[in-house]
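Asker: What follows is coords-v5.tsv; its format and atoms are TSV, C-alpha atoms.
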```tsv
chain	number	residue	atom	x	y	z
A	1	MET	CA	-86.56	-14.15	152.71
A	2	SER	CA	-84.05	-12.35	154.85
A	3	GLY	CA	-81.87	-9.60	153.44
A	4	GLY	CA	-78.72	-11.66	154.05
A	5	SER	CA	-79.91	-14.51	151.81
A	6	PRO	CA	-80.11	-13.27	148.23
A	7	SER	CA	-82.18	-15.23	145.75
A	8	SER	CA	-80.62	-17.45	143.10
A	9	LYS	CA	-81.72	-14.98	140.40
A	10	ARG	CA	-79.94	-12.11	142.11
A	11	ARG	CA	-76.82	-14.22	142.60
A	12	PHE	CA	-76.93	-15.32	138.98
A	13	VAL	CA	-77.19	-11.73	137.73
A	14	GLU	CA	-74.15	-10.85	139.83
A	15	TYR	CA	-72.38	-13.92	138.50
A	16	LYS	CA	-72.97	-12.92	134.87
A	17	ARG	CA	-71.74	-9.40	135.59
A	18	ALA	CA	-68.56	-10.77	137.14
A	19	HIS	CA	-68.14	-13.28	134.31
A	20	ARG	CA	-68.37	-10.54	131.68
A	21	GLU	CA	-65.84	-8.50	133.65
A	22	ARG	CA	-63.41	-11.42	133.72
A	23	GLN	CA	-63.84	-11.88	129.97
A	24	ARG	CA	-63.10	-8.20	129.39
A	25	LEU	CA	-60.00	-8.30	131.58
A	26	ALA	CA	-58.83	-11.47	129.82
A	27	ARG	CA	-59.17	-9.79	126.41
A	28	GLU	CA	-57.18	-6.82	127.70
A	29	GLY	CA	-54.42	-9.14	128.92
A	30	HIS	CA	-54.95	-8.65	132.65
A	31	GLY	CA	-55.91	-12.25	133.34
A	32	ALA	CA	-59.22	-13.68	134.44
A	33	ALA	CA	-59.61	-11.73	137.64
A	34	GLY	CA	-62.71	-10.35	139.25
A	35	ARG	CA	-64.59	-10.30	142.49
A	36	ILE	CA	-67.80	-12.28	142.78
A	37	GLY	CA	-68.61	-11.46	146.39
A	38	ALA	CA	-71.29	-13.40	148.14
A	39	ILE	CA	-71.84	-15.86	145.31
A	40	LEU	CA	-68.64	-17.83	145.83
A	41	SER	CA	-66.94	-19.47	148.74
A	42	ASP	CA	-63.38	-18.61	149.75
A	43	GLU	CA	-62.02	-21.62	147.88
A	44	GLU	CA	-63.88	-20.64	144.72
A	45	GLN	CA	-62.63	-17.07	144.93
A	46	ARG	CA	-59.09	-18.37	145.38
A	47	SER	CA	-59.58	-20.54	142.30
A	48	ARG	CA	-60.67	-17.54	140.23
A	49	ARG	CA	-57.68	-15.51	141.20
A	50	ARG	CA	-55.48	-18.11	139.53
A	51	ARG	CA	-54.46	-17.54	135.94
A	52	GLN	CA	-56.57	-19.28	133.31
A	53	ARG	CA	-54.35	-21.89	131.68
A	54	PRO	CA	-54.29	-21.87	127.87
A	55	PHE	CA	-55.39	-24.90	125.92
A	56	TRP	CA	-51.88	-25.94	124.91
A	57	ALA	CA	-50.70	-25.91	128.54
A	58	LEU	CA	-53.57	-28.21	129.51
A	59	LEU	CA	-52.83	-30.44	126.50
A	60	ALA	CA	-49.16	-30.71	127.54
A	61	ALA	CA	-50.18	-31.61	131.10
A	62	PHE	CA	-52.57	-34.26	129.83
A	63	TRP	CA	-49.89	-35.70	127.53
A	64	GLY	CA	-47.64	-36.06	130.57
A	65	MET	CA	-50.37	-38.02	132.35
A	66	LEU	CA	-50.38	-40.53	129.48
A	67	ARG	CA	-46.84	-41.65	130.29
A	68	GLY	CA	-46.78	-45.44	130.31
A	69	HIS	CA	-49.85	-45.66	128.06
A	70	ARG	CA	-48.60	-43.81	125.00
A	71	TRP	CA	-47.71	-46.84	122.91
A	72	ARG	CA	-51.18	-48.30	123.47
A	73	VAL	CA	-52.70	-44.97	122.50
A	74	ALA	CA	-50.59	-44.91	119.32
A	75	ALA	CA	-51.58	-48.49	118.46
A	76	SER	CA	-55.25	-47.70	119.06
A	77	LEU	CA	-55.05	-44.63	116.83
A	78	ALA	CA	-53.37	-46.73	114.13
A	79	THR	CA	-56.21	-49.27	114.17
A	80	LEU	CA	-58.70	-46.41	114.18
A	81	THR	CA	-57.01	-44.95	111.09
A	82	VAL	CA	-57.23	-48.27	109.25
A	83	ALA	CA	-60.88	-48.76	110.23
A	84	THR	CA	-61.78	-45.21	109.18
A	85	LEU	CA	-60.07	-45.55	105.81
A	86	LEU	CA	-61.83	-48.87	105.18
A	87	GLY	CA	-65.13	-47.23	106.01
A	88	MET	CA	-64.41	-44.50	103.46
A	89	LEU	CA	-64.72	-47.07	100.66
A	90	SER	CA	-68.43	-47.67	101.26
A	91	PRO	CA	-69.78	-44.48	99.58
A	92	ALA	CA	-67.76	-45.31	96.45
A	93	SER	CA	-70.01	-48.34	96.01
A	94	THR	CA	-72.83	-45.92	95.14
A	95	LYS	CA	-71.02	-44.79	92.01
A	96	VAL	CA	-70.13	-48.37	91.07
A	97	ALA	CA	-73.71	-49.57	91.51
A	98	ILE	CA	-75.30	-46.72	89.56
A	99	ASP	CA	-72.80	-46.14	86.75
A	100	TYR	CA	-71.42	-49.63	86.14
A	101	ILE	CA	-74.31	-51.93	87.11
A	102	LEU	CA	-77.70	-50.20	86.96
A	103	MET	CA	-77.16	-47.68	84.18
A	104	ASP	CA	-76.29	-48.39	80.56
A	105	GLN	CA	-73.68	-45.64	80.27
A	106	PRO	CA	-71.01	-46.87	80.76
A	107	GLY	CA	-72.70	-49.96	82.20
A	108	PRO	CA	-71.01	-53.32	82.88
A	109	GLU	CA	-68.99	-52.93	79.69
A	110	GLY	CA	-67.16	-50.00	81.29
A	111	ILE	CA	-65.57	-52.24	83.95
A	112	PRO	CA	-61.86	-52.75	83.13
A	113	ALA	CA	-61.25	-56.18	81.64
A	114	TRP	CA	-58.14	-56.79	83.76
A	115	LEU	CA	-60.36	-57.11	86.84
A	116	GLY	CA	-61.80	-60.33	85.46
A	117	LEU	CA	-65.33	-59.56	86.70
A	118	PRO	CA	-68.47	-61.01	85.09
A	119	ARG	CA	-70.81	-58.82	83.06
A	120	ASP	CA	-74.07	-60.09	84.56
A	121	ARG	CA	-75.76	-57.26	86.49
A	122	VAL	CA	-77.32	-59.46	89.19
A	123	THR	CA	-74.02	-61.22	89.83
A	124	LEU	CA	-72.24	-57.89	90.09
A	125	LEU	CA	-74.83	-56.64	92.62
A	126	TRP	CA	-74.32	-59.73	94.78
A	127	MET	CA	-70.55	-59.33	94.62
A	128	LEU	CA	-70.79	-55.65	95.52
A	129	GLY	CA	-73.14	-56.33	98.44
A	130	GLY	CA	-70.95	-59.15	99.76
A	131	GLY	CA	-67.88	-56.95	99.49
A	132	LEU	CA	-69.59	-54.22	101.52
A	133	VAL	CA	-70.52	-56.70	104.26
A	134	VAL	CA	-66.97	-58.07	104.48
A	135	LEU	CA	-65.55	-54.55	104.47
A	136	ALA	CA	-67.87	-53.49	107.31
A	137	ALA	CA	-66.98	-56.59	109.37
A	138	VAL	CA	-63.23	-56.04	109.00
A	139	SER	CA	-63.54	-52.33	109.78
A	140	THR	CA	-65.64	-53.01	112.89
A	141	GLY	CA	-63.26	-55.69	114.18
A	142	VAL	CA	-60.17	-53.52	113.74
A	143	ALA	CA	-61.83	-50.50	115.35
A	144	MET	CA	-63.14	-52.54	118.29
A	145	TRP	CA	-59.64	-53.67	119.26
A	146	GLY	CA	-58.42	-50.10	119.53
A	147	ARG	CA	-61.57	-48.88	121.27
A	148	TRP	CA	-61.24	-51.60	123.92
A	149	HIS	CA	-57.67	-50.59	124.74
A	150	MET	CA	-58.61	-46.91	124.87
A	151	THR	CA	-61.42	-47.74	127.30
A	152	ARG	CA	-58.94	-49.60	129.54
A	153	ILE	CA	-56.59	-46.63	129.42
A	154	THR	CA	-59.46	-44.33	130.41
A	155	LYS	CA	-60.25	-46.36	133.52
A	156	ARG	CA	-56.59	-46.66	134.49
A	157	ILE	CA	-56.00	-42.92	134.19
A	158	GLN	CA	-59.11	-42.22	136.26
A	159	ALA	CA	-57.89	-44.52	139.04
A	160	GLN	CA	-54.35	-43.15	138.79
A	161	MET	CA	-55.39	-39.49	138.96
A	162	ARG	CA	-57.80	-40.07	141.84
A	163	ARG	CA	-55.00	-41.76	143.78
A	164	ARG	CA	-52.54	-38.96	143.02
A	165	VAL	CA	-55.01	-36.24	144.00
A	166	PHE	CA	-55.94	-38.06	147.21
A	167	GLU	CA	-52.30	-38.63	148.22
A	168	HIS	CA	-51.45	-35.00	147.48
A	169	ALA	CA	-54.47	-33.61	149.32
A	170	VAL	CA	-53.76	-35.51	152.55
A	171	ARG	CA	-50.23	-34.02	152.66
A	172	LEU	CA	-51.39	-30.41	152.41
A	173	PRO	CA	-51.21	-28.08	155.43
A	174	LEU	CA	-54.00	-28.68	157.90
A	175	HIS	CA	-55.74	-25.39	157.23
A	176	ARG	CA	-55.96	-26.32	153.54
A	177	VAL	CA	-57.17	-29.82	154.39
A	178	TYR	CA	-60.01	-28.36	156.43
A	179	ALA	CA	-60.70	-25.84	153.68
A	180	LEU	CA	-60.95	-28.67	151.16
A	181	LYS	CA	-63.19	-30.58	153.52
A	182	SER	CA	-65.52	-27.60	153.77
A	183	GLY	CA	-65.18	-27.14	150.00
A	184	GLY	CA	-66.23	-30.61	148.99
A	185	VAL	CA	-63.10	-32.64	148.33
A	186	ALA	CA	-65.30	-35.49	147.14
A	187	SER	CA	-66.28	-33.41	144.11
A	188	ILE	CA	-62.64	-32.93	143.17
A	189	LEU	CA	-61.85	-36.63	143.53
A	190	ARG	CA	-64.98	-37.87	141.79
A	191	GLU	CA	-65.81	-35.26	139.13
A	192	ASP	CA	-62.59	-33.41	138.32
A	193	ALA	CA	-60.04	-36.22	138.64
A	194	GLY	CA	-62.41	-38.72	137.02
A	195	GLY	CA	-63.13	-36.42	134.10
A	196	ILE	CA	-59.45	-36.39	133.13
A	197	GLY	CA	-59.70	-40.00	131.99
A	198	GLU	CA	-62.59	-39.14	129.70
A	199	LEU	CA	-60.27	-36.80	127.78
A	200	VAL	CA	-58.73	-39.94	126.23
A	201	PHE	CA	-61.82	-40.24	124.05
A	202	SER	CA	-63.07	-36.66	123.80
A	203	LEU	CA	-59.65	-35.06	123.21
A	204	VAL	CA	-57.71	-37.83	121.41
A	205	TYR	CA	-59.76	-40.71	120.00
A	206	ASN	CA	-62.84	-39.00	118.56
A	207	PRO	CA	-61.01	-35.95	117.13
A	208	TRP	CA	-58.42	-38.23	115.49
A	209	ARG	CA	-61.15	-40.20	113.75
A	210	ALA	CA	-62.74	-36.95	112.59
A	211	ILE	CA	-59.42	-35.61	111.27
A	212	VAL	CA	-58.61	-38.81	109.36
A	213	GLN	CA	-62.08	-38.94	107.84
A	214	LEU	CA	-61.91	-35.23	106.99
A	215	ALA	CA	-58.54	-35.52	105.23
A	216	ALA	CA	-59.53	-38.66	103.29
A	217	THR	CA	-62.84	-37.13	102.24
A	218	LEU	CA	-61.18	-33.96	100.94
A	219	MET	CA	-58.76	-36.01	98.82
A	220	ILE	CA	-61.58	-38.13	97.37
A	221	LEU	CA	-63.76	-35.11	96.63
A	222	SER	CA	-60.87	-33.30	94.95
A	223	TRP	CA	-60.51	-36.31	92.66
A	224	VAL	CA	-64.20	-36.12	91.70
A	225	ASP	CA	-64.46	-32.33	91.17
A	226	TRP	CA	-62.05	-29.85	92.73
A	227	ARG	CA	-64.50	-26.95	92.30
A	228	MET	CA	-66.96	-28.62	94.62
A	229	VAL	CA	-64.22	-29.07	97.22
A	230	VAL	CA	-63.58	-25.33	97.40
A	231	GLY	CA	-66.94	-24.77	99.04
A	232	ALA	CA	-66.32	-27.62	101.46
A	233	VAL	CA	-62.91	-26.25	102.47
A	234	LEU	CA	-64.50	-22.93	103.34
A	235	LEU	CA	-66.35	-24.72	106.15
A	236	ILE	CA	-63.13	-25.40	108.06
A	237	PRO	CA	-62.74	-21.78	109.29
A	238	LEU	CA	-66.23	-22.08	110.74
A	239	VAL	CA	-64.99	-24.93	112.93
A	240	TRP	CA	-62.10	-22.80	114.15
A	241	VAL	CA	-64.34	-19.83	114.92
A	242	SER	CA	-66.84	-22.00	116.79
A	243	HIS	CA	-64.07	-23.65	118.83
A	244	ARG	CA	-62.65	-20.25	119.70
A	245	ALA	CA	-66.09	-19.20	120.92
A	246	TRP	CA	-66.36	-22.35	123.03
A	247	ILE	CA	-62.90	-21.95	124.53
A	248	ALA	CA	-63.47	-18.29	125.36
A	249	ARG	CA	-67.00	-18.62	126.69
A	250	ILE	CA	-67.78	-22.13	127.77
A	251	ARG	CA	-64.78	-23.52	129.66
A	252	PRO	CA	-64.79	-20.76	132.36
A	253	VAL	CA	-68.52	-21.31	132.90
A	254	TYR	CA	-68.04	-25.06	133.21
A	255	ARG	CA	-65.34	-24.43	135.77
A	256	ASP	CA	-67.76	-22.19	137.67
A	257	ILE	CA	-70.42	-24.92	137.54
A	258	ARG	CA	-67.97	-27.44	139.00
A	259	ALA	CA	-67.08	-24.99	141.76
A	260	THR	CA	-70.76	-24.43	142.54
A	261	ARG	CA	-71.38	-28.19	142.63
A	262	GLN	CA	-68.43	-28.59	144.97
A	263	HIS	CA	-69.86	-25.91	147.27
A	264	ILE	CA	-73.29	-27.60	147.26
A	265	ASP	CA	-71.79	-31.01	148.10
A	266	ALA	CA	-69.74	-29.48	150.90
A	267	HIS	CA	-72.77	-27.71	152.37
A	268	ALA	CA	-74.84	-30.89	152.33
A	269	THR	CA	-72.01	-32.87	153.96
A	270	GLU	CA	-71.50	-30.27	156.70
A	271	ALA	CA	-75.23	-29.93	157.33
A	272	PHE	CA	-75.77	-33.65	157.84
A	273	GLY	CA	-72.50	-33.99	159.75
A	274	GLY	CA	-73.69	-31.36	162.26
A	275	MET	CA	-77.33	-32.41	162.32
A	276	ARG	CA	-77.49	-32.19	166.14
A	277	VAL	CA	-76.60	-28.51	165.99
A	278	VAL	CA	-78.96	-27.90	163.04
A	279	ARG	CA	-81.90	-29.45	164.90
A	280	GLY	CA	-80.92	-27.89	168.22
A	281	PHE	CA	-81.13	-24.37	166.80
A	282	ASN	CA	-84.07	-25.20	164.52
A	283	ARG	CA	-82.05	-24.39	161.42
A	284	HIS	CA	-83.25	-27.23	159.21
A	285	ARG	CA	-85.54	-24.95	157.19
A	286	GLY	CA	-82.80	-22.39	156.67
A	287	GLU	CA	-80.28	-25.03	155.63
A	288	ALA	CA	-82.77	-26.57	153.22
A	289	ALA	CA	-83.50	-23.15	151.69
A	290	ARG	CA	-79.79	-22.46	151.32
A	291	PHE	CA	-79.30	-25.83	149.64
A	292	VAL	CA	-82.17	-25.19	147.22
A	293	ARG	CA	-80.97	-21.69	146.32
A	294	SER	CA	-77.49	-22.99	145.54
A	295	ASN	CA	-78.96	-25.70	143.30
A	296	HIS	CA	-81.08	-23.07	141.55
A	297	LEU	CA	-77.94	-21.03	140.93
A	298	MET	CA	-76.17	-24.05	139.44
A	299	ALA	CA	-79.22	-24.76	137.25
A	300	ARG	CA	-79.14	-21.18	135.96
A	301	GLN	CA	-75.44	-21.54	135.17
A	302	GLU	CA	-76.08	-24.80	133.32
A	303	LEU	CA	-78.89	-23.22	131.29
A	304	TYR	CA	-76.63	-20.26	130.54
A	305	VAL	CA	-73.90	-22.46	129.08
A	306	TRP	CA	-76.54	-24.64	127.39
A	307	TRP	CA	-77.62	-21.75	125.18
A	308	TRP	CA	-74.02	-21.03	124.19
A	309	SER	CA	-73.58	-24.68	123.24
A	310	ARG	CA	-76.81	-24.95	121.29
A	311	ALA	CA	-76.22	-21.72	119.33
A	312	VAL	CA	-73.31	-23.14	117.35
A	313	GLU	CA	-74.95	-26.56	117.03
A	314	ILE	CA	-78.03	-24.95	115.47
A	315	VAL	CA	-75.81	-23.35	112.83
A	316	TRP	CA	-74.37	-26.76	111.93
A	317	MET	CA	-77.79	-28.40	111.90
A	318	LEU	CA	-78.88	-25.84	109.30
A	319	LEU	CA	-75.59	-26.01	107.40
A	320	ILE	CA	-75.90	-29.68	106.41
A	321	PRO	CA	-79.19	-29.34	104.47
A	322	VAL	CA	-77.92	-26.11	102.85
A	323	ALA	CA	-74.75	-27.87	101.71
A	324	SER	CA	-76.75	-30.85	100.43
A	325	ALA	CA	-79.01	-28.54	98.44
A	326	ALA	CA	-75.98	-26.75	96.96
A	327	VAL	CA	-74.45	-30.06	95.87
A	328	LEU	CA	-77.77	-31.15	94.38
A	329	ILE	CA	-78.09	-27.96	92.35
A	330	TYR	CA	-74.48	-27.82	91.16
A	331	GLY	CA	-74.13	-31.57	90.60
A	332	GLY	CA	-77.45	-31.78	88.76
A	333	THR	CA	-76.37	-28.94	86.49
A	334	GLN	CA	-73.13	-30.76	85.68
A	335	VAL	CA	-75.03	-33.97	84.93
A	336	VAL	CA	-77.28	-32.09	82.50
A	337	ARG	CA	-74.20	-30.66	80.80
A	338	GLY	CA	-72.58	-34.09	80.64
A	339	THR	CA	-69.58	-33.18	82.83
A	340	LEU	CA	-70.49	-35.56	85.68
A	341	THR	CA	-72.48	-38.77	85.91
A	342	ILE	CA	-75.36	-39.52	88.24
A	343	GLY	CA	-73.08	-41.86	90.17
A	344	ASP	CA	-70.57	-39.04	90.64
A	345	VAL	CA	-73.23	-36.78	92.14
A	346	MET	CA	-74.57	-39.51	94.43
A	347	MET	CA	-71.08	-40.42	95.57
A	348	PHE	CA	-70.17	-36.78	96.14
A	349	THR	CA	-73.32	-36.25	98.21
A	350	ALA	CA	-72.45	-39.25	100.38
A	351	TYR	CA	-68.88	-38.03	100.85
A	352	LEU	CA	-70.12	-34.52	101.60
A	353	LEU	CA	-72.15	-35.88	104.50
A	354	MET	CA	-69.03	-37.75	105.62
A	355	LEU	CA	-67.15	-34.44	105.39
A	356	LEU	CA	-69.68	-32.49	107.41
A	357	GLY	CA	-70.01	-35.33	109.92
A	358	PRO	CA	-66.46	-34.98	111.31
A	359	LEU	CA	-66.78	-31.20	111.40
A	360	GLU	CA	-70.04	-31.50	113.32
A	361	THR	CA	-68.42	-34.07	115.62
A	362	LEU	CA	-65.57	-31.70	116.42
A	363	VAL	CA	-68.05	-28.96	117.26
A	364	ALA	CA	-70.40	-31.20	119.25
A	365	THR	CA	-67.61	-32.76	121.33
A	366	ALA	CA	-66.15	-29.35	122.19
A	367	THR	CA	-68.66	-29.02	125.03
A	368	ASN	CA	-67.51	-32.24	126.69
A	369	ILE	CA	-63.86	-31.36	126.05
A	370	GLN	CA	-64.13	-27.94	127.67
A	371	ASN	CA	-66.00	-29.45	130.63
A	372	ASN	CA	-63.26	-32.02	131.24
A	373	LEU	CA	-60.50	-29.49	130.62
A	374	ALA	CA	-62.06	-27.32	133.31
A	375	GLY	CA	-61.78	-30.28	135.69
A	376	LEU	CA	-58.15	-30.81	134.65
A	377	ASP	CA	-57.45	-27.14	135.31
A	378	ARG	CA	-58.86	-27.43	138.83
A	379	VAL	CA	-56.85	-30.59	139.52
A	380	LEU	CA	-53.66	-28.89	138.36
A	381	ASP	CA	-54.39	-26.01	140.72
A	382	LEU	CA	-54.64	-28.42	143.63
A	383	MET	CA	-51.55	-30.39	142.62
A	384	ALA	CA	-49.56	-27.14	142.37
A	385	GLU	CA	-50.11	-26.34	146.06
A	386	LYS	CA	-47.15	-27.04	148.34
A	387	THR	CA	-47.45	-29.93	150.74
A	388	GLU	CA	-46.67	-29.83	154.45
A	389	LEU	CA	-45.19	-33.32	154.77
```
Transcribe the structure of this file into structure tokens.

Answerer:
Amino acid sequence: MSGGSPSSKRRFVEYKRAHRERQRLAREGHGAAGRIGAILSDEEQRSRRRRQRPFWALLAAFWGMLRGHRWRVAASLATLTVATLLGMLSPASTKVAIDYILMDQPGPEGIPAWLGLPRDRVTLLWMLGGGLVVLAAVSTGVAMWGRWHMTRITKRIQAQMRRRVFEHAVRLPLHRVYALKSGGVASILREDAGGIGELVFSLVYNPWRAIVQLAATLMILSWVDWRMVVGAVLLIPLVWVSHRAWIARIRPVYRDIRATRQHIDAHATEAFGGMRVVRGFNRHRGEAARFVRSNHLMARQELYVWWWSRAVEIVWMLLIPVASAAVLIYGGTQVVRGTLTIGDVMMFTAYLLMLLGPLETLVATATNIQNNLAGLDRVLDLMAEKTEL
């Protein structure tokens, strides 16, 4: 290997050094600056010299892109709220089945008389099972209507943003047009502009469902035993800390990965576009080696961000069984003392899993959110450039 062609490992070590330097400067308030040298193309270095937009600025820009679709988004979120609340009734059936049907204390006699329900246990089980099936069917139908409209909005925003980016790019000064051509404009149109539409689900739909389920679960658990809710509420700061770690560490790396992919696509396009020159000077081996080294660098970047993503997910994977064990110990103790019933403990365990589920969803979707926000940030950089025409 020639001295002018550093290996992907050497380039990756330099990249991590520059990334840590940018993080240090950002913490000190000097912005995400830093020189990466031979790793990045001119376009990528220009992108890094731009100020890193905060999350709220990107959220405001995305909200502006939803103009014309906002009422459909609101209607879809309303149906999602109804479907989520209907789904929250299912775990309560565990308490009803155990305490009022299967057990003798209080047993069927504990059912309020004003409900007019029979006292036969088998009949009550059939009625409870049928009610659960009807409830699931109604919840699924309501949620599907909103999900369908959100999917249509996603595709429309993708087509709209790709058109806007294309129309803006063709009106840039010629030197920028050629720079974009050599920088892989197809990656911006396909990956970055297309990823903005996916924010409809990752940034709006899925988090809203998690928030509604989280709030409803906390209210139900506080009704069962407020002392058990205190431990669950303490989990919320963990979500905030993990999201802060993702925002600070992961989004810049995802932006770097997109820039590297853009550079690789541009190199492949230029190499095949000038194949006569490549073959004439016998440069096909050198171009292939350059292509492979760039892909190796991108793979190292992806593995680097993969470990950051998995670190927090591992914590949550271990947190769920620990929380379940804590509920089992505390709830079992209260059952022995006669404070709670077996149905209360079973219902609380089911709702605890429904509480941890939204929190885990918020953490797990943060990776996709930061990836798409990085694409939105790059699109906003391009749209902010002045046009020539």

Asker: Determine, counting only C-alpha atoms, which protein, DNA and RNA residues have an atom within 10 Å of an atom of Ser76 in chain A; residues of the same chain fewer than 4 positions away are not included. Present the result as a PDB file with C-alpha atoms, in the coordinates of the input.

Answerer:
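Saved to selection-v4.pdb:
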```
ATOM      1  CA  ARG A  70     -48.600 -43.810 125.000  1.00  0.00           C
ATOM      2  CA  TRP A  71     -47.710 -46.840 122.910  1.00  0.00           C
ATOM      3  CA  ARG A  72     -51.180 -48.300 123.470  1.00  0.00           C
ATOM      4  CA  LEU A  80     -58.700 -46.410 114.180  1.00  0.00           C
ATOM      5  CA  THR A  81     -57.010 -44.950 111.090  1.00  0.00           C
ATOM      6  CA  VAL A 142     -60.170 -53.520 113.740  1.00  0.00           C
ATOM      7  CA  ALA A 143     -61.830 -50.500 115.350  1.00  0.00           C
ATOM      8  CA  MET A 144     -63.140 -52.540 118.290  1.00  0.00           C
ATOM      9  CA  TRP A 145     -59.640 -53.670 119.260  1.00  0.00           C
ATOM     10  CA  GLY A 146     -58.420 -50.100 119.530  1.00  0.00           C
ATOM     11  CA  ARG A 147     -61.570 -48.880 121.270  1.00  0.00           C
ATOM     12  CA  TRP A 148     -61.240 -51.600 123.920  1.00  0.00           C
ATOM     13  CA  HIS A 149     -57.670 -50.590 124.740  1.00  0.00           C
ATOM     14  CA  MET A 150     -58.610 -46.910 124.870  1.00  0.00           C
ATOM     15  CA  TYR A 205     -59.760 -40.710 120.000  1.00  0.00           C
TER      16      TYR A 205
END
```

Asker: Of the candidates A:Val170, A:Leu340, A:Leu86, A:Leu125, which one gets nearest to Lys386 in chain A if we count all atoms listed in the file?

Answerer: A:Val170

Asker: With distances taken over only C-alpha atoms, which of A:Pro321, A:Gly331, A:Pro112, A:Gly87 is nearest to Gly343 in chain A?

Answerer: A:Gly331

Asker: At most 10 Å from (-58.3, -47.6, 129.0), file frame, only C-alpha atoms: which residues, as a list in words?

Answerer: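 Final list of nearby residues, as requested, is His69, Arg72, Val73, Gly146, Arg147, Trp148, His149, Met150, Thr151, Arg152, Ile153, Thr154, Lys155, Arg156, Ile157, Gln158, Gly197, Glu198, Val200 and Phe201 of chain A.
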
Asker: Between CA of Ile98 in chain A and CA of Arg121 in chain A, what distance in Å does the model show, to one decimal?

Answerer: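 According to the coordinates, CA of Ile98 in chain A and CA of Arg121 in chain A are separated by 11.0 Å.
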
Asker: Given the choices A:Val322, A:Ile257, A:Ala384, A:Leu115, which gets closest to Leu297 in chain A if the distance is worked out from all atoms listed in the file?

Answerer: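 The closest residue to Leu297 in chain A is A:Ile257.
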
Asker: Looking at only C-alpha atoms, which of A:Arg285, A:Arg310, A:Arg209, A:Arg164 is the one that sits closest to Leu355 in chain A?

Answerer: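 Ranking A:Arg285, A:Arg310, A:Arg209, A:Arg164 by distance to Leu355 in chain A, first place goes to A:Arg209.
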
Asker: Restricting the calculation to all atoms listed in the file: of A:Gly131, A:Pro252, A:Ala61, A:Glu388, which residue gets closest to Arg171 in chain A?

Answerer: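 Using all atoms listed in the file, the shortest distance to Arg171 in chain A belongs to A:Glu388.
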
Asker: Measure the distance from CA of Met127 in chain A to CA of Leu218 in chain A in Å and round it to one decimal.

Answerer: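 Between CA of Met127 in chain A and CA of Leu218 in chain A the gap is 27.8 Å.
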
Asker: I'd like to know which of A:Arg337, A:Arg300, A:Arg190, A:Arg176 is closest to Asp265 in chain A, using all atoms listed in the file.

Answerer: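 Of the candidates, the smallest distance to Asp265 in chain A is held by A:Arg190.
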
Asker: So how far away is CA of Glu287 in chain A from CA of Met275 in chain A, in Å?

Answerer: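 Interatomic distance here is 10.4 Å.
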
Asker: Residues near Asn371 in chain A, anyone? I mean within 12 Å using all atoms listed in the file, not counting same-chain ones fewer than 2 positions away, as an NGL selection string.

Answerer: :A and (191-192 or 194-196 or 198-199 or 202-203 or 246-247 or 249-258 or 302 or 305 or 309 or 365-369 or 373-378)

Asker: Show me, as AutoDock Vina command-line options, the centre and edge lengths in Å to one decimal of the axis-aligned box that covers every listed atom of range 331-344 of chain A with 4 Å on each side.

Answerer:
```
--center_x -73.5 --center_y -35.4 --center_z 85.6 --size_x 15.9 --size_y 20.9 --size_z 18.0
```

Asker: Tell me, as a list in words, which residues lie within 10 Å of Ile211 in chain A, counting only C-alpha atoms; anything in the same chain fewer than 3 positions away does not count.

Answerer: Thr81, Asn206, Pro207, Trp208, Leu214, Ala215, Ala216, Thr217, Leu355, Pro358, Leu359 and Leu362 of chain A

Asker: Please provide the set of residues having any atom within 12 Å of Ile329 in chain A, restricted to only C-alpha atoms, with same-chain residues fewer than 5 positions apart removed, written as a ChimeraX atom specification.

Answerer: /A:228,322-324,334-336,345,349
